[in-house]
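*Asks:* Structure file final-v8.cif (mmCIF, C-alpha atoms) is given on the next line.
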data_work
#
loop_
_atom_site.label_atom_id
_atom_site.label_comp_id
_atom_site.auth_asym_id
_atom_site.auth_seq_id
_atom_site.Cartn_x
_atom_site.Cartn_y
_atom_site.Cartn_z
CA MET A 1 0.00 0.00 0.00
CA VAL A 2 1.38 3.42 -0.99
CA PHE A 3 1.31 5.89 1.89
CA ASP A 4 -0.73 9.03 1.20
CA LYS A 5 1.51 11.83 2.47
CA GLN A 6 -1.40 14.28 2.47
CA LEU A 7 -3.18 12.32 5.19
CA PHE A 8 -0.83 13.29 7.99
CA PRO A 9 -1.33 17.09 8.09
CA GLY A 10 -5.09 16.68 7.85
CA ALA A 11 -5.06 14.03 10.59
CA ALA A 12 -3.07 16.32 12.88
CA VAL A 13 -5.54 19.16 12.32
CA PHE A 14 -8.49 16.83 12.91
CA ALA A 15 -6.96 15.70 16.22
CA ALA A 16 -6.54 19.34 17.24
CA VAL A 17 -10.25 19.98 16.56
CA VAL A 18 -11.30 16.98 18.64
CA GLU A 19 -9.08 18.01 21.55
CA ALA A 20 -10.02 21.70 21.39
CA GLY A 21 -13.74 21.12 20.81
CA SER A 22 -14.12 23.67 18.03
CA PHE A 23 -12.55 24.90 14.79
CA ALA A 24 -11.82 28.30 16.30
CA LYS A 25 -9.95 26.95 19.31
CA ALA A 26 -8.06 24.46 17.17
CA ALA A 27 -7.07 27.26 14.80
CA GLU A 28 -5.80 29.32 17.72
CA ALA A 29 -3.77 26.39 19.04
CA LEU A 30 -2.29 25.65 15.60
CA GLY A 31 -1.68 29.26 14.64
CA ILE A 32 -3.81 29.12 11.48
CA THR A 33 -7.23 30.44 10.47
CA PRO A 34 -10.51 28.62 11.23
CA SER A 35 -11.20 28.39 7.50
CA ALA A 36 -7.85 26.66 6.98
CA VAL A 37 -8.80 24.18 9.71
CA SER A 38 -12.16 23.52 8.05
CA ARG A 39 -10.58 23.00 4.62
CA SER A 40 -7.98 20.62 6.03
CA VAL A 41 -10.57 18.46 7.80
CA ALA A 42 -12.83 18.46 4.72
CA SER A 43 -9.90 17.35 2.56
CA LEU A 44 -9.11 14.56 5.03
CA GLU A 45 -12.73 13.37 4.97
CA ARG A 46 -12.70 13.26 1.17
CA ARG A 47 -9.47 11.26 1.12
CA ILE A 48 -10.62 8.58 3.57
CA GLY A 49 -14.25 8.63 2.38
CA VAL A 50 -16.12 9.09 5.69
CA ARG A 51 -17.50 12.01 7.68
CA LEU A 52 -15.45 12.54 10.82
CA LEU A 53 -17.24 15.55 12.29
CA HIS A 54 -20.84 16.76 12.47
CA ARG A 55 -20.79 20.53 12.02
CA THR A 56 -23.51 23.00 13.00
CA THR A 57 -23.42 26.76 13.42
CA ARG A 58 -22.98 26.30 17.17
CA SER A 59 -21.05 23.10 17.72
CA VAL A 60 -18.77 20.42 16.32
CA ASN A 61 -19.41 16.80 17.30
CA VAL A 62 -17.31 13.74 16.51
CA THR A 63 -19.04 11.00 14.49
CA GLN A 64 -18.70 7.35 15.42
CA GLU A 65 -16.19 6.92 12.58
CA GLY A 66 -14.38 10.04 13.75
CA SER A 67 -14.16 8.71 17.31
CA GLN A 68 -12.70 5.42 16.06
CA PHE A 69 -10.24 7.27 13.85
CA TYR A 70 -9.14 9.54 16.71
CA SER A 71 -8.72 6.59 19.10
CA ALA A 72 -6.30 4.96 16.66
CA LEU A 73 -4.66 8.25 15.69
CA SER A 74 -4.01 9.71 19.15
CA PRO A 75 -1.29 7.27 20.27
CA LEU A 76 0.44 7.62 16.89
CA LEU A 77 0.61 11.41 17.23
CA ALA A 78 1.84 11.04 20.81
CA GLY A 79 4.52 8.65 19.58
CA ILE A 80 5.64 11.17 16.95
CA GLU A 81 5.80 13.87 19.62
CA GLU A 82 7.86 11.61 21.84
CA ALA A 83 10.14 10.68 18.94
CA ALA A 84 10.71 14.34 18.14
CA SER A 85 11.58 14.97 21.77
CA LEU A 86 14.05 12.11 21.77
CA ALA A 87 15.61 13.26 18.49
CA SER A 88 16.07 16.80 19.77
CA GLY A 89 17.77 15.57 22.94
CA SER A 90 15.02 17.00 25.16
CA ALA A 91 13.32 13.79 26.24
CA SER A 92 13.57 14.91 29.86
CA ALA A 93 11.86 18.25 29.15
CA VAL A 94 8.27 18.32 30.37
CA SER A 95 6.11 21.04 28.83
CA GLY A 96 2.76 21.79 27.26
CA LEU A 97 -0.76 20.97 28.41
CA LEU A 98 -1.54 17.82 30.40
CA ARG A 99 -5.24 16.93 30.63
CA VAL A 100 -6.06 14.70 33.59
CA SER A 101 -9.42 13.13 34.48
CA VAL A 102 -9.26 12.56 38.22
CA ASP A 103 -11.46 11.25 41.00
CA PRO A 104 -12.83 14.34 42.86
CA PHE A 105 -11.99 13.02 46.33
CA PHE A 106 -8.43 12.11 45.36
CA SER A 107 -7.99 15.48 43.66
CA ARG A 108 -9.20 17.47 46.65
CA GLN A 109 -7.78 15.47 49.54
CA ILE A 110 -4.51 14.11 48.16
CA LEU A 111 -3.46 15.90 44.99
CA ALA A 112 -4.33 19.57 45.55
CA PRO A 113 -2.11 20.17 48.63
CA HIS A 114 0.97 19.12 46.64
CA LEU A 115 0.37 20.88 43.33
CA GLY A 116 2.58 23.84 44.22
CA THR A 117 5.55 21.49 44.51
CA PHE A 118 4.60 19.81 41.24
CA PHE A 119 4.62 23.10 39.31
CA GLU A 120 7.90 24.18 40.90
CA ALA A 121 9.46 20.99 39.54
CA ASN A 122 7.76 21.35 36.14
CA PRO A 123 7.50 25.09 35.39
CA GLN A 124 6.77 24.61 31.66
CA LEU A 125 3.82 22.27 32.21
CA ARG A 126 0.18 23.37 32.30
CA LEU A 127 -2.29 21.07 34.06
CA GLU A 128 -6.01 20.79 33.37
CA LEU A 129 -7.77 18.76 36.08
CA LEU A 130 -11.19 17.38 35.14
CA THR A 131 -12.82 16.19 38.37
CA ARG A 132 -15.55 13.72 37.52
CA GLU A 133 -17.18 10.76 39.23
CA ALA A 134 -17.56 8.75 36.01
CA ARG A 135 -14.61 7.54 33.98
CA ALA A 136 -13.92 9.42 30.79
CA ALA A 137 -13.32 8.10 27.28
CA LEU A 138 -9.68 9.10 27.23
CA ALA A 139 -8.88 9.26 23.54
CA ALA A 140 -12.25 10.64 22.45
CA GLU A 141 -12.05 13.45 25.02
CA GLY A 142 -8.39 14.26 24.49
CA ILE A 143 -7.41 13.18 28.01
CA ASP A 144 -3.79 12.18 28.57
CA VAL A 145 -4.20 10.26 31.82
CA ALA A 146 -6.92 9.43 34.35
CA VAL A 147 -6.63 8.61 38.05
CA ARG A 148 -9.51 6.49 39.31
CA PHE A 149 -10.47 4.15 42.12
CA GLY A 150 -11.75 0.70 41.18
CA VAL A 151 -10.92 -2.33 39.08
CA PRO A 152 -10.12 -1.59 35.40
CA GLN A 153 -13.02 -2.22 33.03
CA ASP A 154 -11.61 -1.12 29.65
CA SER A 155 -8.98 -3.50 28.28
CA SER A 156 -8.00 -0.97 25.58
CA GLN A 157 -6.35 1.26 28.18
CA VAL A 158 -3.13 0.75 30.10
CA ALA A 159 -3.88 0.48 33.83
CA HIS A 160 -1.02 1.33 36.19
CA LEU A 161 -1.69 0.41 39.83
CA LEU A 162 -0.77 3.27 42.17
CA LEU A 163 -1.81 1.67 45.46
CA LYS A 164 -4.36 -0.43 47.30
CA THR A 165 -5.95 1.37 50.23
CA ARG A 166 -7.88 -0.29 53.06
CA VAL A 167 -11.66 0.04 53.26
CA LEU A 168 -12.52 1.16 56.81
CA THR A 169 -15.86 1.10 58.58
CA VAL A 170 -16.08 4.21 60.75
CA ALA A 171 -18.45 6.21 62.94
CA SER A 172 -18.28 9.31 65.09
CA PRO A 173 -18.05 9.07 68.91
CA ASP A 174 -21.45 10.83 69.16
CA TYR A 175 -23.14 8.21 66.99
CA LEU A 176 -21.63 5.33 68.96
CA LYS A 177 -22.63 6.94 72.25
CA LYS A 178 -26.26 7.14 71.10
CA ARG A 179 -26.54 3.86 69.19
CA GLY A 180 -23.91 1.61 70.70
CA CYS A 181 -20.84 0.08 69.08
CA PRO A 182 -21.22 -3.03 66.88
CA ARG A 183 -18.72 -5.72 67.77
CA HIS A 184 -19.00 -7.78 64.59
CA PRO A 185 -19.80 -6.77 60.99
CA THR A 186 -23.06 -8.75 61.04
CA GLU A 187 -24.36 -6.42 63.79
CA LEU A 188 -24.45 -3.55 61.25
CA THR A 189 -27.91 -4.69 60.14
CA GLY A 190 -29.29 -3.00 63.26
CA HIS A 191 -27.50 0.31 62.63
CA ILE A 192 -27.95 3.38 60.43
CA CYS A 193 -25.47 3.03 57.58
CA ILE A 194 -24.65 5.74 55.05
CA GLN A 195 -24.73 4.35 51.51
CA TYR A 196 -22.42 5.44 48.71
CA ARG A 197 -23.41 4.99 45.06
CA ASP A 198 -20.96 3.31 42.73
CA PRO A 199 -20.60 5.70 39.74
CA GLN A 200 -19.99 2.74 37.43
CA THR A 201 -23.15 0.80 38.29
CA SER A 202 -25.36 3.54 39.84
CA ARG A 203 -26.03 1.12 42.72
CA PRO A 204 -24.86 1.39 46.33
CA PHE A 205 -21.56 -0.31 47.04
CA ASP A 206 -21.79 -3.66 48.82
CA TRP A 207 -20.32 -3.78 52.33
CA GLU A 208 -17.75 -6.54 52.54
CA PHE A 209 -15.31 -7.54 55.27
CA ARG A 210 -12.23 -9.74 54.89
CA ARG A 211 -9.54 -11.21 57.09
CA ALA A 212 -7.22 -13.95 55.95
CA ASN A 213 -9.45 -16.46 54.12
CA GLU A 214 -12.67 -15.27 55.75
CA ALA A 215 -15.12 -12.99 53.93
CA VAL A 216 -18.47 -11.57 55.08
CA ARG A 217 -20.96 -9.57 53.03
CA VAL A 218 -23.46 -7.54 55.07
CA ILE A 219 -26.71 -5.99 53.84
CA THR A 220 -26.88 -2.50 55.31
CA SER A 221 -29.48 0.23 55.15
CA GLY A 222 -30.00 3.87 56.03
CA PRO A 223 -31.85 6.99 54.88
CA LEU A 224 -28.87 8.61 53.16
CA LEU A 225 -27.45 7.64 49.74
CA ALA A 226 -24.50 9.85 48.78
CA THR A 227 -22.84 10.35 45.41
CA ASP A 228 -20.05 12.53 46.80
CA VAL A 229 -17.42 11.14 49.16
CA GLY A 230 -16.93 14.47 50.88
CA THR A 231 -20.64 14.73 51.73
CA MET A 232 -20.69 11.16 53.02
CA LEU A 233 -17.66 11.82 55.19
CA GLU A 234 -19.06 15.06 56.64
CA ALA A 235 -22.37 13.34 57.41
CA CYS A 236 -20.52 10.56 59.20
CA LEU A 237 -18.50 13.08 61.21
CA ALA A 238 -21.76 14.77 62.20
CA GLY A 239 -23.13 11.51 63.61
CA ALA A 240 -25.60 10.71 60.81
CA GLY A 241 -24.54 7.07 60.64
CA ILE A 242 -21.81 4.53 60.02
CA ALA A 243 -19.88 4.75 56.75
CA GLN A 244 -17.34 2.79 54.78
CA VAL A 245 -14.46 5.00 53.67
CA LEU A 246 -10.99 4.64 52.23
CA ALA A 247 -8.13 4.81 54.71
CA LEU A 248 -6.31 7.05 52.25
CA GLY A 249 -8.68 9.96 52.93
CA VAL A 250 -9.41 9.76 56.68
CA LYS A 251 -6.00 9.81 58.34
CA ASN A 252 -6.62 13.15 60.08
CA PRO A 253 -10.12 12.39 61.46
CA LEU A 254 -8.84 9.06 62.80
CA ALA A 255 -5.78 10.67 64.37
CA LYS A 256 -7.93 13.36 66.03
CA GLY A 257 -10.49 10.85 67.28
CA SER A 258 -13.38 12.50 65.43
CA LEU A 259 -13.88 9.16 63.64
CA LEU A 260 -13.35 5.70 65.12
CA GLU A 261 -12.58 2.53 63.18
CA LEU A 262 -15.07 -0.16 64.15
CA PHE A 263 -13.50 -3.41 62.95
CA PRO A 264 -9.69 -3.18 62.96
CA ASP A 265 -9.58 -6.99 63.25
CA TRP A 266 -10.99 -7.19 59.68
CA PRO A 267 -8.11 -5.46 57.83
CA ASP A 268 -8.04 -7.14 54.43
CA GLU A 269 -10.80 -5.40 52.42
CA THR A 270 -8.98 -3.05 50.01
CA PHE A 271 -9.79 -0.83 47.05
CA PRO A 272 -7.31 -0.04 44.24
CA LEU A 273 -6.29 3.31 42.77
CA TYR A 274 -5.12 3.23 39.15
CA ALA A 275 -3.64 5.60 36.62
CA PHE A 276 -5.14 4.94 33.17
CA TYR A 277 -3.78 6.10 29.84
CA PRO A 278 -4.28 5.15 26.18
CA SER A 279 -2.24 2.18 25.07
CA ARG A 280 0.96 3.31 23.37
CA GLN A 281 4.51 2.14 22.99
CA HIS A 282 6.14 5.39 24.06
CA LEU A 283 4.59 7.08 27.08
CA ALA A 284 4.75 10.88 26.89
CA ALA A 285 7.22 12.42 29.33
CA LYS A 286 4.54 14.66 30.87
CA VAL A 287 2.33 11.63 31.62
CA ARG A 288 5.26 9.71 33.06
CA VAL A 289 6.17 12.64 35.34
CA PHE A 290 2.58 13.02 36.56
CA ILE A 291 2.28 9.31 37.41
CA GLU A 292 5.53 9.46 39.37
CA PHE A 293 4.22 12.55 41.17
CA CYS A 294 1.06 10.66 42.18
CA LYS A 295 3.19 7.83 43.56
CA GLU A 296 5.23 10.30 45.62
CA VAL A 297 2.24 12.00 47.24
CA LEU A 298 0.74 8.62 48.09
CA CYS A 299 3.81 7.44 49.98
#
With the file now loaded, output its structure as structure tokens.
*Replies:*
Amino acid sequence: MVFDKQLFPGAAVFAAVVEAGSFAKAAEALGITPSAVSRSVASLERRIGVRLLHRTTRSVNVTQEGSQFYSALSPLLAGIEEAASLASGSASAVSGLLRVSVDPFFSRQILAPHLGTFFEANPQLRLELLTREARAALAAEGIDVAVRFGVPQDSSQVAHLLLKTRVLTVASPDYLKKRGCPRHPTELTGHICIQYRDPQTSRPFDWEFRRANEAVRVITSGPLLATDVGTMLEACLAGAGIAQVLALGVKNPLAKGSLLELFPDWPDETFPLYAFYPSRQHLAAKVRVFIEFCKEVLC
């Protein structure tokens, strides 16, 4: 097959439109006119014989074929960028825009306090943090890396395990004074338990307890179903009920005694935190640096 040399410039412009979300923003990023962007994408569509973008006077949306094309194209463009960096001898230079989809709780509790240090170490890097409960379609949304709790679901992405954090069952001293302290997980059926909705299934998380080879699943109930970890945690601190939380985010309340762990003799229920990125042979330096940064702040 003879390579069509005219495909590459059009493909690069198309990728810029997808990542910017409009012809005007893509034109600004590329330093060309919006009409030049439009002509380049139209020429690309004619050459490959499919419509990649739906255009209206107000918006630009990626077609199904366009999304598939971008998913395959994105790692190739990233590889070219990495190759250019290696060829120029600046592989260690970290610059440009890094778009990160990140769990809101992790972003607020763990990441944010250390961002000043991160920017001091990487002064040429700009960071766009997209805090969402649901996982994003990385390639289709132009996201470089995502940091999410939970077991990987998409086999097309690279999943890099950052840590496994314990799942703790906690309550405030006020709640325990009023309601009594359960001695075994099965006693939770008689208590008010704050539920948290799994963003992947839209159902409350199951409450499970593990130690060695023993596992117990307990059906819990309560009047509050939360979709935000911060709200659940504040409600628990206020004595609204018992909650299951990640040890990663409650070190201070436990140290102060404002929350008490109920079942320290059931220590083996854990929940993973992963960094996800599109599958590619050469990982961009900015993504590599960010993943290492996440590992450092989690130590």
*Asks:* What does the structure give for the distance between atom CA of A:Leu127 and atom CA of A:Val245, in Å to one decimal?
*Replies:* 28.1 Å
*Asks:* Taking the file as shown, find all residues satisfying the PyMOL selection byres ((chain A and resi 103) around 10) and write them as a VMD selection string.
*Replies:* chain A and resid 100 to 102 104 to 108 129 to 135 146 to 149 273
*Asks:* Can you tell me how far atom CA of A:His184 sits from atom CA of A:Phe263, in Å to one decimal?
*Replies:*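 Atom CA of A:His184 sits 7.2 Å away from atom CA of A:Phe263.
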*Asks:* Hey, which of A:Tyr196, A:Phe8, A:Phe276, A:Tyr175 ends up closest to A:Val229? Count all atoms listed in the file.
*Replies:*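 Under the stated criterion, the closest residue is A:Tyr196.
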*Asks:* Ranking A:Gly10, A:Phe205, A:Leu262, A:Ala215 by minimum distance to A:Leu73 and counting all atoms listed in the file, which one comes first?
*Replies:* A:Gly10
*Asks:* Could you check the closest approach to A:Leu161 for each of A:Glu45, A:Glu19, A:Glu187, A:Glu292 and tell me which residue wins, using all atoms listed in the file?
*Replies:*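 Selected residue with least distance to A:Leu161: A:Glu292.
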*Asks:* Pick the closest to A:Glu261 from A:Leu7, A:Leu176, A:Val94, A:Cys294: which is it, counting only C-alpha atoms?
*Replies:* A:Leu176
*Asks:* One decimal, Å: what's the distance from atom CA of A:Ser95 over to atom CA of A:Gln124, could you say?
*Replies:*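 Computing it gives 4.6 Å between the two atoms.
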*Asks:* When the PyMOL selection byres ((chain A and resi 249) around 12) is applied to the structure above, which residues does it catch, written out as an NGL selection string?
*Replies:* :A and (104-111 or 165-168 or 229-230 or 233 or 244-248 or 250-255 or 259 or 298)
*Asks:* Within 9 Å of A:Lys295, counting all atoms listed in the file, which residues qualify if same-chain residues fewer than 5 places away don't, as a ChimeraX atom specification?
*Replies:* /A:162-163,290
*Asks:* Pick from A:Tyr274, A:Phe119, A:Phe209, A:Tyr70: nearest to A:His160, with all atoms listed in the file counted?
*Replies:*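 Going through A:Tyr274, A:Phe119, A:Phe209, A:Tyr70 one by one, the smallest distance to A:His160 is for A:Tyr274.
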*Asks:* Could you check the closest approach to A:Trp266 for each of A:Thr220, A:Thr169, A:Thr201, A:Thr189 and tell me which residue wins, using all atoms listed in the file?
*Replies:*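 Among the listed residues, the smallest separation from A:Trp266 belongs to A:Thr169.
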*Asks:* Can I get N, CA and C atoms for stretch 224-260 of chain A, as a PDB file, in the first residue's frame?
*Replies:*
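Okay, out22.pdb is ready:
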ATOM      1  N   LEU A 224     -29.708   7.749  53.990  1.00  0.00           N
ATOM      2  CA  LEU A 224     -28.874   8.612  53.155  1.00  0.00           C
ATOM      3  C   LEU A 224     -28.100   7.798  52.124  1.00  0.00           C
ATOM      4  N   LEU A 225     -28.261   8.167  50.846  1.00  0.00           N
ATOM      5  CA  LEU A 225     -27.452   7.636  49.742  1.00  0.00           C
ATOM      6  C   LEU A 225     -26.671   8.799  49.152  1.00  0.00           C
ATOM      7  N   ALA A 226     -25.348   8.745  49.234  1.00  0.00           N
ATOM      8  CA  ALA A 226     -24.496   9.848  48.782  1.00  0.00           C
ATOM      9  C   ALA A 226     -23.821   9.499  47.469  1.00  0.00           C
ATOM     10  N   THR A 227     -23.613  10.516  46.645  1.00  0.00           N
ATOM     11  CA  THR A 227     -22.842  10.348  45.407  1.00  0.00           C
ATOM     12  C   THR A 227     -21.528  11.124  45.479  1.00  0.00           C
ATOM     13  N   ASP A 228     -21.278  11.750  46.608  1.00  0.00           N
ATOM     14  CA  ASP A 228     -20.054  12.530  46.804  1.00  0.00           C
ATOM     15  C   ASP A 228     -19.391  12.054  48.088  1.00  0.00           C
ATOM     16  N   VAL A 229     -18.129  11.669  47.996  1.00  0.00           N
ATOM     17  CA  VAL A 229     -17.421  11.138  49.161  1.00  0.00           C
ATOM     18  C   VAL A 229     -17.303  12.172  50.268  1.00  0.00           C
ATOM     19  N   GLY A 230     -17.061  13.427  49.882  1.00  0.00           N
ATOM     20  CA  GLY A 230     -16.934  14.475  50.880  1.00  0.00           C
ATOM     21  C   GLY A 230     -18.203  14.657  51.690  1.00  0.00           C
ATOM     22  N   THR A 231     -19.355  14.611  51.027  1.00  0.00           N
ATOM     23  CA  THR A 231     -20.636  14.730  51.730  1.00  0.00           C
ATOM     24  C   THR A 231     -20.851  13.547  52.666  1.00  0.00           C
ATOM     25  N   MET A 232     -20.547  12.347  52.182  1.00  0.00           N
ATOM     26  CA  MET A 232     -20.688  11.156  53.019  1.00  0.00           C
ATOM     27  C   MET A 232     -19.818  11.261  54.267  1.00  0.00           C
ATOM     28  N   LEU A 233     -18.592  11.724  54.074  1.00  0.00           N
ATOM     29  CA  LEU A 233     -17.658  11.819  55.188  1.00  0.00           C
ATOM     30  C   LEU A 233     -18.122  12.859  56.208  1.00  0.00           C
ATOM     31  N   GLU A 234     -18.586  14.013  55.725  1.00  0.00           N
ATOM     32  CA  GLU A 234     -19.057  15.059  56.638  1.00  0.00           C
ATOM     33  C   GLU A 234     -20.290  14.596  57.406  1.00  0.00           C
ATOM     34  N   ALA A 235     -21.184  13.861  56.732  1.00  0.00           N
ATOM     35  CA  ALA A 235     -22.372  13.340  57.408  1.00  0.00           C
ATOM     36  C   ALA A 235     -21.977  12.345  58.496  1.00  0.00           C
ATOM     37  N   CYS A 236     -20.994  11.517  58.209  1.00  0.00           N
ATOM     38  CA  CYS A 236     -20.516  10.562  59.203  1.00  0.00           C
ATOM     39  C   CYS A 236     -19.896  11.278  60.393  1.00  0.00           C
ATOM     40  N   LEU A 237     -19.109  12.290  60.134  1.00  0.00           N
ATOM     41  CA  LEU A 237     -18.499  13.080  61.209  1.00  0.00           C
ATOM     42  C   LEU A 237     -19.552  13.742  62.086  1.00  0.00           C
ATOM     43  N   ALA A 238     -20.679  14.097  61.470  1.00  0.00           N
ATOM     44  CA  ALA A 238     -21.761  14.769  62.201  1.00  0.00           C
ATOM     45  C   ALA A 238     -22.655  13.794  62.950  1.00  0.00           C
ATOM     46  N   GLY A 239     -22.360  12.491  62.868  1.00  0.00           N
ATOM     47  CA  GLY A 239     -23.128  11.505  63.613  1.00  0.00           C
ATOM     48  C   GLY A 239     -24.342  10.972  62.908  1.00  0.00           C
ATOM     49  N   ALA A 240     -24.414  11.143  61.562  1.00  0.00           N
ATOM     50  CA  ALA A 240     -25.596  10.709  60.809  1.00  0.00           C
ATOM     51  C   ALA A 240     -25.636   9.205  60.600  1.00  0.00           C
ATOM     52  N   GLY A 241     -24.541   8.513  60.835  1.00  0.00           N
ATOM     53  CA  GLY A 241     -24.543   7.074  60.644  1.00  0.00           C
ATOM     54  C   GLY A 241     -23.140   6.517  60.503  1.00  0.00           C
ATOM     55  N   ILE A 242     -23.076   5.236  60.241  1.00  0.00           N
ATOM     56  CA  ILE A 242     -21.812   4.533  60.024  1.00  0.00           C
ATOM     57  C   ILE A 242     -21.517   4.543  58.525  1.00  0.00           C
ATOM     58  N   ALA A 243     -20.251   4.685  58.167  1.00  0.00           N
ATOM     59  CA  ALA A 243     -19.880   4.747  56.752  1.00  0.00           C
ATOM     60  C   ALA A 243     -18.666   3.861  56.490  1.00  0.00           C
ATOM     61  N   GLN A 244     -18.560   3.428  55.243  1.00  0.00           N
ATOM     62  CA  GLN A 244     -17.337   2.785  54.785  1.00  0.00           C
ATOM     63  C   GLN A 244     -16.555   3.785  53.958  1.00  0.00           C
ATOM     64  N   VAL A 245     -15.304   3.999  54.310  1.00  0.00           N
ATOM     65  CA  VAL A 245     -14.460   5.002  53.670  1.00  0.00           C
ATOM     66  C   VAL A 245     -13.103   4.383  53.361  1.00  0.00           C
ATOM     67  N   LEU A 246     -12.333   5.094  52.558  1.00  0.00           N
ATOM     68  CA  LEU A 246     -10.986   4.642  52.229  1.00  0.00           C
ATOM     69  C   LEU A 246      -9.995   5.217  53.234  1.00  0.00           C
ATOM     70  N   ALA A 247      -9.115   4.366  53.728  1.00  0.00           N
ATOM     71  CA  ALA A 247      -8.131   4.814  54.714  1.00  0.00           C
ATOM     72  C   ALA A 247      -7.299   5.972  54.195  1.00  0.00           C
ATOM     73  N   LEU A 248      -7.104   6.001  52.885  1.00  0.00           N
ATOM     74  CA  LEU A 248      -6.305   7.046  52.254  1.00  0.00           C
ATOM     75  C   LEU A 248      -6.805   8.446  52.590  1.00  0.00           C
ATOM     76  N   GLY A 249      -8.128   8.609  52.772  1.00  0.00           N
ATOM     77  CA  GLY A 249      -8.682   9.955  52.926  1.00  0.00           C
ATOM     78  C   GLY A 249      -9.123  10.329  54.324  1.00  0.00           C
ATOM     79  N   VAL A 250      -8.894   9.453  55.335  1.00  0.00           N
ATOM     80  CA  VAL A 250      -9.411   9.761  56.682  1.00  0.00           C
ATOM     81  C   VAL A 250      -8.322   9.677  57.749  1.00  0.00           C
ATOM     82  N   LYS A 251      -7.089   9.888  57.363  1.00  0.00           N
ATOM     83  CA  LYS A 251      -5.996   9.812  58.344  1.00  0.00           C
ATOM     84  C   LYS A 251      -6.152  10.852  59.445  1.00  0.00           C
ATOM     85  N   ASN A 252      -6.497  12.089  59.076  1.00  0.00           N
ATOM     86  CA  ASN A 252      -6.620  13.147  60.078  1.00  0.00           C
ATOM     87  C   ASN A 252      -7.784  12.932  61.027  1.00  0.00           C
ATOM     88  N   PRO A 253      -9.016  12.643  60.527  1.00  0.00           N
ATOM     89  CA  PRO A 253     -10.118  12.389  61.464  1.00  0.00           C
ATOM     90  C   PRO A 253      -9.848  11.230  62.413  1.00  0.00           C
ATOM     91  N   LEU A 254      -9.166  10.187  61.934  1.00  0.00           N
ATOM     92  CA  LEU A 254      -8.839   9.062  62.803  1.00  0.00           C
ATOM     93  C   LEU A 254      -7.808   9.460  63.856  1.00  0.00           C
ATOM     94  N   ALA A 255      -6.815  10.237  63.436  1.00  0.00           N
ATOM     95  CA  ALA A 255      -5.777  10.668  64.373  1.00  0.00           C
ATOM     96  C   ALA A 255      -6.346  11.585  65.451  1.00  0.00           C
ATOM     97  N   LYS A 256      -7.322  12.422  65.082  1.00  0.00           N
ATOM     98  CA  LYS A 256      -7.934  13.357  66.034  1.00  0.00           C
ATOM     99  C   LYS A 256      -8.986  12.695  66.912  1.00  0.00           C
ATOM    100  N   GLY A 257      -9.444  11.519  66.521  1.00  0.00           N
ATOM    101  CA  GLY A 257     -10.490  10.848  67.278  1.00  0.00           C
ATOM    102  C   GLY A 257     -11.889  11.277  66.912  1.00  0.00           C
ATOM    103  N   SER A 258     -12.041  12.081  65.863  1.00  0.00           N
ATOM    104  CA  SER A 258     -13.379  12.502  65.433  1.00  0.00           C
ATOM    105  C   SER A 258     -14.078  11.392  64.655  1.00  0.00           C
ATOM    106  N   LEU A 259     -13.328  10.387  64.203  1.00  0.00           N
ATOM    107  CA  LEU A 259     -13.876   9.164  63.643  1.00  0.00           C
ATOM    108  C   LEU A 259     -13.174   7.981  64.307  1.00  0.00           C
ATOM    109  N   LEU A 260     -13.913   6.898  64.513  1.00  0.00           N
ATOM    110  CA  LEU A 260     -13.353   5.703  65.122  1.00  0.00           C
ATOM    111  C   LEU A 260     -13.532   4.521  64.172  1.00  0.00           C
TER     112      LEU A 260
END
